[in-house]
Amino acid sequence: MPTLNEIRSTFLNYFAKQGHEIVPSSPLVPRNDPTLMFANSGMVQFKNLFTGVETRDYKRATTAQKCVRAGGKHNDLDNVGYTARHHTFFEMLGNFSFGDYFKSEAIPFAWELVTKELDIPKDKLLVTVYHTDDDAANMWKKVAGLSDDRIIRIATNDNFWMMGPTGPCGPCTEIFYDHGKSFWGGPPGSPEEDGDRFIEIWNLVFMQHEQFEDGSKTDLPNQSIDTGMGIERVAALLQGTNDNYSTDLIRSLIEASAHATSSDPDGPGKTHHRVIADHLRSTSFLIADGVMPSNDGRGYVLRRIMRRAMRHAHLLGSQDPVMHRLVPALVQQMSAAYPELSQAQALIEETLLQEETRFKQTLDRGLKLLDDEVAGLGDGDALPGEAAFKLYDTYGFPVDLTRLICEERQLELDEAGFEVCMEAQRNKARESARFQTAQIEWKEMEVGPHSRFIGYNSYNVETWIRRFAQNESGQWLFTLDTTPFY
Ligand code: GLY
């Protein structure tokens, strides 16, 4: 049974043999896309190659990309730990063609890799194509010998992939694995498609268009290929399970969590261990890529994930900080593929320890406030939004943590009231920012964009000052043209 690390190597080596450059994962913080919070698929680092803005000395690439999906309004954070396939961190394997090969090579590559290299039985596989894509359907028939009932035509956006509201896009074809009748669920396109039986393992996107803000699309200069395979799902099926959390790599983190908290990995605290294992990966990789816990932006997403994990460790009865003790287990599993993890190990451990120590001090006080609030509630009352806001503002409880605690106590939360308080705080912050900028007079040496960040590649740079100012406390502020400081 192949380990997850072996599956990653099999994938990358297969495409290297087919003339693809093995390109390292890009950092989780996108370098070329301020609109995106975190890298969420393999193509993010190649966006400009698809649009033709940039060229490189290779036209075929393959990657194992670190991905985080936890920010924004529609994130899955609350589900993580409770389901078989939700993660804040996951790895996406991909092969890419930048104006080189297209459908007629991408489909045979995928089929050979899945059925020969990974040895997945053909009779367990089925595919979807975009409803108008006769070429792709015919190729699947020819290359894989799939019967018509196992080539499902889908008319929705499920088979038209877009990186976001704007950017490169195109129809796609997806490969599904049938876990068998013992799992509930129906094939893609059926009303039961969201069950656990038919699981998508690989998405091949035929990049042909670019979408713009006004909704219009143009043809890309070249037809390209972008694919995404969820390694945890493939590891699950190759290791004879339907649950990503039972695969070797994640299981070893669950066991580390159980060991550190002296509890049973499969006992009543099972979900807590799953949350901790998942969040250990996202928090460690985010810190390794330069994100630090804070109260806004990416740092706030990191803090929310950290605190959610810490809360679950607390629920396991741990009195002392736990998360930092699990980092060696993660480094052991993943640093061969991602050396930045061992390079940043000390920073990750220290950051987790500091955050957990601080959080523990506030957790008890916050829980006390919550107890006092709850004591005053009658049957059917919700926790007032102001209380949730105070927990957030004074005690550092992210609202989803408060939501979790409310759920545990079978209480509703006044979400709308919380939002009103948050909006009032945002308005106050905006007012104060306006006031502060009014006090500072910048002297522009050179008008231009924000500093160019080069810290991913270099720690030294000779540069110049674009502008400077003195604030009301007498401190000097300046903006550099180029900076290695995050
Ligand atoms: N870019 C292909 C995918 O994320 O599925």
# chains A, B, ... in the order shown; residues from 1 in each chain; ligands from 1
>>> closest_atom_pairs(of="stretch 166-258 of chain A", to="stretch 5-23 of chain A", cutoff="12 Å", atoms="only C-alpha atoms", output="CSV")
residue,atom,partner,partner_atom,distance
A:Gly228,CA,A:Phe11,CA,11.6
A:Met229,CA,A:Phe11,CA,9.8
A:Gly230,CA,A:Arg8,CA,10.4
A:Ile231,CA,A:Arg8,CA,7.3
A:Glu232,CA,A:Ile7,CA,9.7
A:Arg233,CA,A:Ile7,CA,11.1
A:Val234,CA,A:Ile7,CA,8.2
A:Ala235,CA,A:Ile7,CA,7.2
A:Ala236,CA,A:Ile7,CA,10.9
A:Leu237,CA,A:Ile7,CA,11.6
A:Leu238,CA,A:Ile7,CA,9.2
A:Gln239,CA,A:Ile7,CA,10.8
A:Thr247,CA,A:Asn5,CA,11.0
A:Asp248,CA,A:Asn5,CA,9.3
A:Leu249,CA,A:Asn5,CA,8.1
A:Ile250,CA,A:Asn5,CA,11.5
>>> residues_around(residues="stretch 322-334 of chain A", least_positions_apart="6", cutoff="9 Å", atoms="only C-alpha atoms", output="ChimeraX atom specification")
/A:5,249,252-253,256-257,260-261,276-277,280-281,284,306,309-310,313,341-342,345,348-353,356
>>> write_last_selection(atoms="N, CA, C and O atoms", output="mmCIF file, in the first residue's frame")
data_model
loop_
_atom_site.group_PDB
_atom_site.id
_atom_site.type_symbol
_atom_site.label_atom_id
_atom_site.label_comp_id
_atom_site.auth_asym_id
_atom_site.auth_seq_id
_atom_site.Cartn_x
_atom_site.Cartn_y
_atom_site.Cartn_z
ATOM 1 N N ASN A 5 3.609 9.986 0.797
ATOM 2 C CA ASN A 5 4.868 10.518 0.241
ATOM 3 C C ASN A 5 5.254 9.775 -1.035
ATOM 4 O O ASN A 5 5.786 10.374 -1.977
ATOM 5 N N LEU A 249 -0.251 9.639 6.523
ATOM 6 C CA LEU A 249 0.384 10.887 6.972
ATOM 7 C C LEU A 249 -0.462 11.587 8.051
ATOM 8 O O LEU A 249 0.032 11.926 9.128
ATOM 9 N N SER A 252 -0.620 9.717 11.355
ATOM 10 C CA SER A 252 0.547 9.845 12.237
ATOM 11 C C SER A 252 0.457 11.137 13.067
ATOM 12 O O SER A 252 0.914 11.183 14.205
ATOM 13 N N LEU A 253 -0.175 12.158 12.509
ATOM 14 C CA LEU A 253 -0.344 13.412 13.267
ATOM 15 C C LEU A 253 -1.427 13.244 14.341
ATOM 16 O O LEU A 253 -1.318 13.779 15.446
ATOM 17 N N ALA A 256 0.209 11.501 17.094
ATOM 18 C CA ALA A 256 1.069 12.413 17.862
ATOM 19 C C ALA A 256 0.205 13.244 18.817
ATOM 20 O O ALA A 256 0.572 13.469 19.980
ATOM 21 N N SER A 257 -0.964 13.670 18.341
ATOM 22 C CA SER A 257 -1.870 14.459 19.177
ATOM 23 C C SER A 257 -2.374 13.610 20.353
ATOM 24 O O SER A 257 -2.434 14.086 21.498
ATOM 25 N N ALA A 260 0.466 13.234 22.834
ATOM 26 C CA ALA A 260 0.770 14.467 23.583
ATOM 27 C C ALA A 260 -0.314 14.789 24.604
ATOM 28 O O ALA A 260 -0.059 15.488 25.583
ATOM 29 N N THR A 261 -1.531 14.303 24.377
ATOM 30 C CA THR A 261 -2.624 14.618 25.309
ATOM 31 C C THR A 261 -3.014 13.384 26.130
ATOM 32 O O THR A 261 -4.041 13.397 26.808
ATOM 33 N N ILE A 276 -7.043 18.942 15.338
ATOM 34 C CA ILE A 276 -5.662 19.313 15.688
ATOM 35 C C ILE A 276 -4.700 18.905 14.563
ATOM 36 O O ILE A 276 -3.830 19.676 14.153
ATOM 37 N N ALA A 277 -4.880 17.684 14.022
ATOM 38 C CA ALA A 277 -3.983 17.201 12.960
ATOM 39 C C ALA A 277 -4.076 18.098 11.731
ATOM 40 O O ALA A 277 -3.064 18.504 11.154
ATOM 41 N N LEU A 280 -2.702 21.666 12.549
ATOM 42 C CA LEU A 280 -1.242 21.666 12.707
ATOM 43 C C LEU A 280 -0.587 21.895 11.343
ATOM 44 O O LEU A 280 0.389 22.637 11.221
ATOM 45 N N ARG A 281 -1.144 21.258 10.328
ATOM 46 C CA ARG A 281 -0.557 21.407 8.989
ATOM 47 C C ARG A 281 -0.728 22.832 8.478
ATOM 48 O O ARG A 281 0.228 23.457 8.034
ATOM 49 N N SER A 284 1.359 25.442 10.637
ATOM 50 C CA SER A 284 2.818 25.320 10.488
ATOM 51 C C SER A 284 3.271 25.805 9.121
ATOM 52 O O SER A 284 4.264 26.535 9.003
ATOM 53 N N MET A 306 -5.391 28.622 14.575
ATOM 54 C CA MET A 306 -4.600 28.231 15.754
ATOM 55 C C MET A 306 -5.489 28.093 16.979
ATOM 56 O O MET A 306 -5.409 27.134 17.722
ATOM 57 N N ALA A 309 -7.733 25.068 16.987
ATOM 58 C CA ALA A 309 -6.993 23.863 17.360
ATOM 59 C C ALA A 309 -6.743 23.833 18.865
ATOM 60 O O ALA A 309 -6.912 22.812 19.526
ATOM 61 N N MET A 310 -6.367 24.980 19.401
ATOM 62 C CA MET A 310 -6.044 25.042 20.826
ATOM 63 C C MET A 310 -7.274 24.787 21.696
ATOM 64 O O MET A 310 -7.186 24.162 22.739
ATOM 65 N N ALA A 313 -7.719 21.167 21.782
ATOM 66 C CA ALA A 313 -6.753 20.547 22.701
ATOM 67 C C ALA A 313 -7.236 20.724 24.133
ATOM 68 O O ALA A 313 -7.139 19.810 24.963
ATOM 69 N N LEU A 341 9.763 23.636 5.901
ATOM 70 C CA LEU A 341 9.180 23.254 7.187
ATOM 71 C C LEU A 341 10.280 23.029 8.225
ATOM 72 O O LEU A 341 10.181 23.511 9.358
ATOM 73 N N SER A 342 11.330 22.294 7.862
ATOM 74 C CA SER A 342 12.402 22.087 8.852
ATOM 75 C C SER A 342 13.210 23.370 9.038
ATOM 76 O O SER A 342 13.658 23.669 10.145
ATOM 77 N N GLN A 345 11.339 25.334 11.558
ATOM 78 C CA GLN A 345 10.795 24.555 12.687
ATOM 79 C C GLN A 345 10.815 25.348 14.001
ATOM 80 O O GLN A 345 9.814 25.391 14.727
ATOM 81 N N ILE A 348 8.194 28.048 14.011
ATOM 82 C CA ILE A 348 6.831 27.494 14.113
ATOM 83 C C ILE A 348 6.550 27.103 15.572
ATOM 84 O O ILE A 348 5.509 27.453 16.141
ATOM 85 N N GLU A 349 7.508 26.405 16.173
ATOM 86 C CA GLU A 349 7.290 25.942 17.550
ATOM 87 C C GLU A 349 7.124 27.128 18.499
ATOM 88 O O GLU A 349 6.236 27.149 19.344
ATOM 89 N N GLU A 350 7.973 28.128 18.340
ATOM 90 C CA GLU A 350 7.939 29.293 19.226
ATOM 91 C C GLU A 350 6.624 30.066 19.044
ATOM 92 O O GLU A 350 6.003 30.487 20.017
ATOM 93 N N THR A 351 6.207 30.224 17.795
ATOM 94 C CA THR A 351 4.976 30.979 17.530
ATOM 95 C C THR A 351 3.766 30.253 18.116
ATOM 96 O O THR A 351 2.889 30.868 18.739
ATOM 97 N N LEU A 352 3.725 28.936 17.921
ATOM 98 C CA LEU A 352 2.605 28.158 18.467
ATOM 99 C C LEU A 352 2.614 28.222 19.999
ATOM 100 O O LEU A 352 1.568 28.410 20.627
ATOM 101 N N LEU A 353 3.798 28.083 20.577
ATOM 102 C CA LEU A 353 3.892 28.088 22.047
ATOM 103 C C LEU A 353 3.429 29.439 22.605
ATOM 104 O O LEU A 353 2.627 29.495 23.552
ATOM 105 N N GLU A 356 -0.350 29.891 22.141
ATOM 106 C CA GLU A 356 -1.134 29.005 23.000
ATOM 107 C C GLU A 356 -1.046 29.449 24.463
ATOM 108 O O GLU A 356 -2.033 29.398 25.194
#
>>> select_by_dssp(residues="stretch 11-133 of chain A", states="alpha helix (DSSP H)", output="ChimeraX atom specification")
/A:11-17,47-51,103-112
>>> closest_residue(among="A:Ala429, A:Gln470, A:Asp481, A:Asp264", to="A:Met445", atoms="only C-alpha atoms")
A:Asp481
>>> closest_atom_pairs(of="chain A", to="ligand 1", cutoff="6 Å", atoms="only C-alpha atoms and all ligand atoms", output="CSV")
residue,atom,partner,partner_atom_place_in_ligand_line,distance
A:Ser41,CA,ligand 1,4 (O),4.8
A:Met43,CA,ligand 1,1 (N),5.6
A:Asn203,CA,ligand 1,5 (O),4.9
A:Asp226,CA,ligand 1,1 (N),5.7
A:Thr227,CA,ligand 1,2 (C),4.9
A:Gly228,CA,ligand 1,5 (O),4.4
>>> select_by_dssp(residues="stretch 41-136 of chain A", states="strand (DSSP E or B)", output="JSON, numbers by chain")
{"A": [60, 61, 62, 63, 64, 65, 66, 67, 68, 89, 90, 91, 92, 93, 94, 95, 96, 97, 125, 126, 127, 128, 129, 130]}
>>> atom_distance(atom1="atom CA of A:Val80", atom2="atom CA of A:Arg274")
7.9 Å
>>> closest_residue(among="A:Val275, A:Leu367, A:Leu220, A:Ile120", to="A:Asp78", atoms="only C-alpha atoms")
A:Val275
>>> residues_around(residues="A:Val374", least_positions_apart="4", cutoff="9 Å", atoms="only C-alpha atoms", output="PyMOL selection string")
chain A and resi 369-370+378+382-383+411
>>> write_last_selection(atoms="all heavy atoms", output="CSV table (one decimal), in the first residue's frame")
chain,number,residue,atom,x,y,z
A,369,LEU,N,-16.7,34.8,31.4
A,369,LEU,CA,-17.7,35.8,30.9
A,369,LEU,C,-18.9,35.1,30.2
A,369,LEU,O,-20.0,35.4,30.5
A,369,LEU,CB,-17.0,36.7,29.9
A,369,LEU,CG,-17.9,37.7,29.3
A,369,LEU,CD1,-17.7,39.1,29.8
A,369,LEU,CD2,-17.8,37.7,27.8
A,370,LEU,N,-18.5,34.1,29.5
A,370,LEU,CA,-19.6,33.3,28.8
A,370,LEU,C,-20.6,32.7,29.8
A,370,LEU,O,-21.8,32.7,29.6
A,370,LEU,CB,-18.9,32.3,27.9
A,370,LEU,CG,-19.7,31.7,26.7
A,370,LEU,CD1,-20.1,32.8,25.7
A,370,LEU,CD2,-18.9,30.7,26.0
A,378,GLY,N,-32.7,32.9,29.2
A,378,GLY,CA,-33.9,32.0,29.4
A,378,GLY,C,-33.9,31.0,28.3
A,378,GLY,O,-33.1,31.1,27.4
A,382,ALA,N,-30.8,33.6,22.7
A,382,ALA,CA,-29.5,33.5,22.0
A,382,ALA,C,-28.5,34.3,22.8
A,382,ALA,O,-28.8,35.2,23.5
A,382,ALA,CB,-29.7,34.0,20.6
A,383,LEU,N,-27.2,33.8,22.6
A,383,LEU,CA,-26.2,34.6,23.2
A,383,LEU,C,-26.1,36.0,22.5
A,383,LEU,O,-26.0,36.0,21.3
A,383,LEU,CB,-24.8,33.9,23.1
A,383,LEU,CG,-23.6,34.6,23.7
A,383,LEU,CD1,-23.7,34.5,25.2
A,383,LEU,CD2,-22.3,34.1,23.1
A,411,LEU,N,-26.8,26.4,22.4
A,411,LEU,CA,-27.3,27.8,22.4
A,411,LEU,C,-27.2,28.4,21.0
A,411,LEU,O,-26.3,28.1,20.3
A,411,LEU,CB,-26.3,28.6,23.3
A,411,LEU,CG,-26.5,28.8,24.7
A,411,LEU,CD1,-25.4,29.7,25.3
A,411,LEU,CD2,-27.8,29.5,25.0
>>> residues_around(residues="A:Asn40", least_positions_apart="5", cutoff="8 Å", atoms="only C-alpha atoms", output="MDAnalysis selection string")
chainID A and resid 66:69
>>> write_last_selection(atoms="N, CA and C atoms", output="PDB file, in the first residue's frame")
ATOM      1  N   LYS A  66       1.170  23.297  -2.105  1.00  0.00           N
ATOM      2  CA  LYS A  66       0.543  23.501  -0.795  1.00  0.00           C
ATOM      3  C   LYS A  66      -0.674  24.397  -1.001  1.00  0.00           C
ATOM      4  N   CYS A  67      -1.793  24.028  -0.429  1.00  0.00           N
ATOM      5  CA  CYS A  67      -2.999  24.859  -0.560  1.00  0.00           C
ATOM      6  C   CYS A  67      -3.641  25.081   0.807  1.00  0.00           C
ATOM      7  N   VAL A  68      -4.173  26.269   1.009  1.00  0.00           N
ATOM      8  CA  VAL A  68      -4.981  26.538   2.204  1.00  0.00           C
ATOM      9  C   VAL A  68      -6.311  27.114   1.745  1.00  0.00           C
ATOM     10  N   ARG A  69      -7.374  26.511   2.230  1.00  0.00           N
ATOM     11  CA  ARG A  69      -8.711  27.077   1.976  1.00  0.00           C
ATOM     12  C   ARG A  69      -9.354  27.304   3.333  1.00  0.00           C
TER      13      ARG A  69
END
>>> decode(residues="stretch 8-25 of chain A", atoms="N, CA, C and O atoms", output="JSON list (two decimals), in the first residue's frame")
[["chain", "number", "residue", "atom", "x", "y", "z"],
["A", 8, "ARG", "N", 3.07, 10.99, -3.97],
["A", 8, "ARG", "CA", 3.54, 12.29, -4.48],
["A", 8, "ARG", "C", 4.71, 12.08, -5.45],
["A", 8, "ARG", "O", 4.75, 12.62, -6.55],
["A", 9, "SER", "N", 5.66, 11.23, -5.04],
["A", 9, "SER", "CA", 6.84, 10.98, -5.90],
["A", 9, "SER", "C", 6.42, 10.29, -7.20],
["A", 9, "SER", "O", 6.94, 10.62, -8.27],
["A", 10, "THR", "N", 5.51, 9.33, -7.11],
["A", 10, "THR", "CA", 5.06, 8.62, -8.32],
["A", 10, "THR", "C", 4.49, 9.62, -9.32],
["A", 10, "THR", "O", 4.80, 9.58, -10.51],
["A", 11, "PHE", "N", 3.68, 10.52, -8.83],
["A", 11, "PHE", "CA", 3.04, 11.51, -9.70],
["A", 11, "PHE", "C", 4.10, 12.41, -10.37],
["A", 11, "PHE", "O", 4.14, 12.56, -11.59],
["A", 12, "LEU", "N", 4.96, 12.98, -9.53],
["A", 12, "LEU", "CA", 5.95, 13.94, -10.07],
["A", 12, "LEU", "C", 6.91, 13.23, -11.02],
["A", 12, "LEU", "O", 7.25, 13.76, -12.09],
["A", 13, "ASN", "N", 7.34, 12.03, -10.65],
["A", 13, "ASN", "CA", 8.30, 11.31, -11.51],
["A", 13, "ASN", "C", 7.67, 10.90, -12.83],
["A", 13, "ASN", "O", 8.32, 10.91, -13.87],
["A", 14, "TYR", "N", 6.39, 10.52, -12.78],
["A", 14, "TYR", "CA", 5.72, 10.15, -14.02],
["A", 14, "TYR", "C", 5.74, 11.33, -15.00],
["A", 14, "TYR", "O", 6.11, 11.20, -16.17],
["A", 15, "PHE", "N", 5.37, 12.52, -14.50],
["A", 15, "PHE", "CA", 5.32, 13.66, -15.41],
["A", 15, "PHE", "C", 6.73, 14.15, -15.79],
["A", 15, "PHE", "O", 6.92, 14.66, -16.90],
["A", 16, "ALA", "N", 7.70, 13.96, -14.90],
["A", 16, "ALA", "CA", 9.08, 14.30, -15.27],
["A", 16, "ALA", "C", 9.49, 13.44, -16.47],
["A", 16, "ALA", "O", 10.10, 13.93, -17.43],
["A", 17, "LYS", "N", 9.11, 12.16, -16.43],
["A", 17, "LYS", "CA", 9.45, 11.26, -17.56],
["A", 17, "LYS", "C", 8.77, 11.71, -18.85],
["A", 17, "LYS", "O", 9.23, 11.43, -19.95],
["A", 18, "GLN", "N", 7.66, 12.42, -18.72],
["A", 18, "GLN", "CA", 6.94, 12.91, -19.90],
["A", 18, "GLN", "C", 7.39, 14.33, -20.25],
["A", 18, "GLN", "O", 6.63, 15.10, -20.86],
["A", 19, "GLY", "N", 8.58, 14.71, -19.82],
["A", 19, "GLY", "CA", 9.15, 15.99, -20.23],
["A", 19, "GLY", "C", 8.68, 17.20, -19.43],
["A", 19, "GLY", "O", 8.81, 18.33, -19.89],
["A", 20, "HIS", "N", 8.15, 16.97, -18.22],
["A", 20, "HIS", "CA", 7.69, 18.11, -17.40],
["A", 20, "HIS", "C", 8.78, 18.50, -16.41],
["A", 20, "HIS", "O", 9.44, 17.65, -15.82],
["A", 21, "GLU", "N", 8.90, 19.80, -16.21],
["A", 21, "GLU", "CA", 9.81, 20.32, -15.18],
["A", 21, "GLU", "C", 9.14, 20.15, -13.81],
["A", 21, "GLU", "O", 7.97, 20.55, -13.65],
["A", 22, "ILE", "N", 9.87, 19.56, -12.84],
["A", 22, "ILE", "CA", 9.28, 19.50, -11.49],
["A", 22, "ILE", "C", 9.54, 20.86, -10.83],
["A", 22, "ILE", "O", 10.68, 21.21, -10.53],
["A", 23, "VAL", "N", 8.48, 21.62, -10.64],
["A", 23, "VAL", "CA", 8.60, 22.98, -10.10],
["A", 23, "VAL", "C", 8.16, 22.93, -8.63],
["A", 23, "VAL", "O", 7.12, 22.33, -8.31],
["A", 24, "PRO", "N", 8.95, 23.53, -7.71],
["A", 24, "PRO", "CA", 8.53, 23.51, -6.30],
["A", 24, "PRO", "C", 7.18, 24.20, -6.10],
["A", 24, "PRO", "O", 6.83, 25.11, -6.87],
["A", 25, "SER", "N", 6.50, 23.81, -5.06],
["A", 25, "SER", "CA", 5.25, 24.50, -4.69],
["A", 25, "SER", "C", 5.55, 25.97, -4.49],
["A", 25, "SER", "O", 6.61, 26.34, -3.98]]
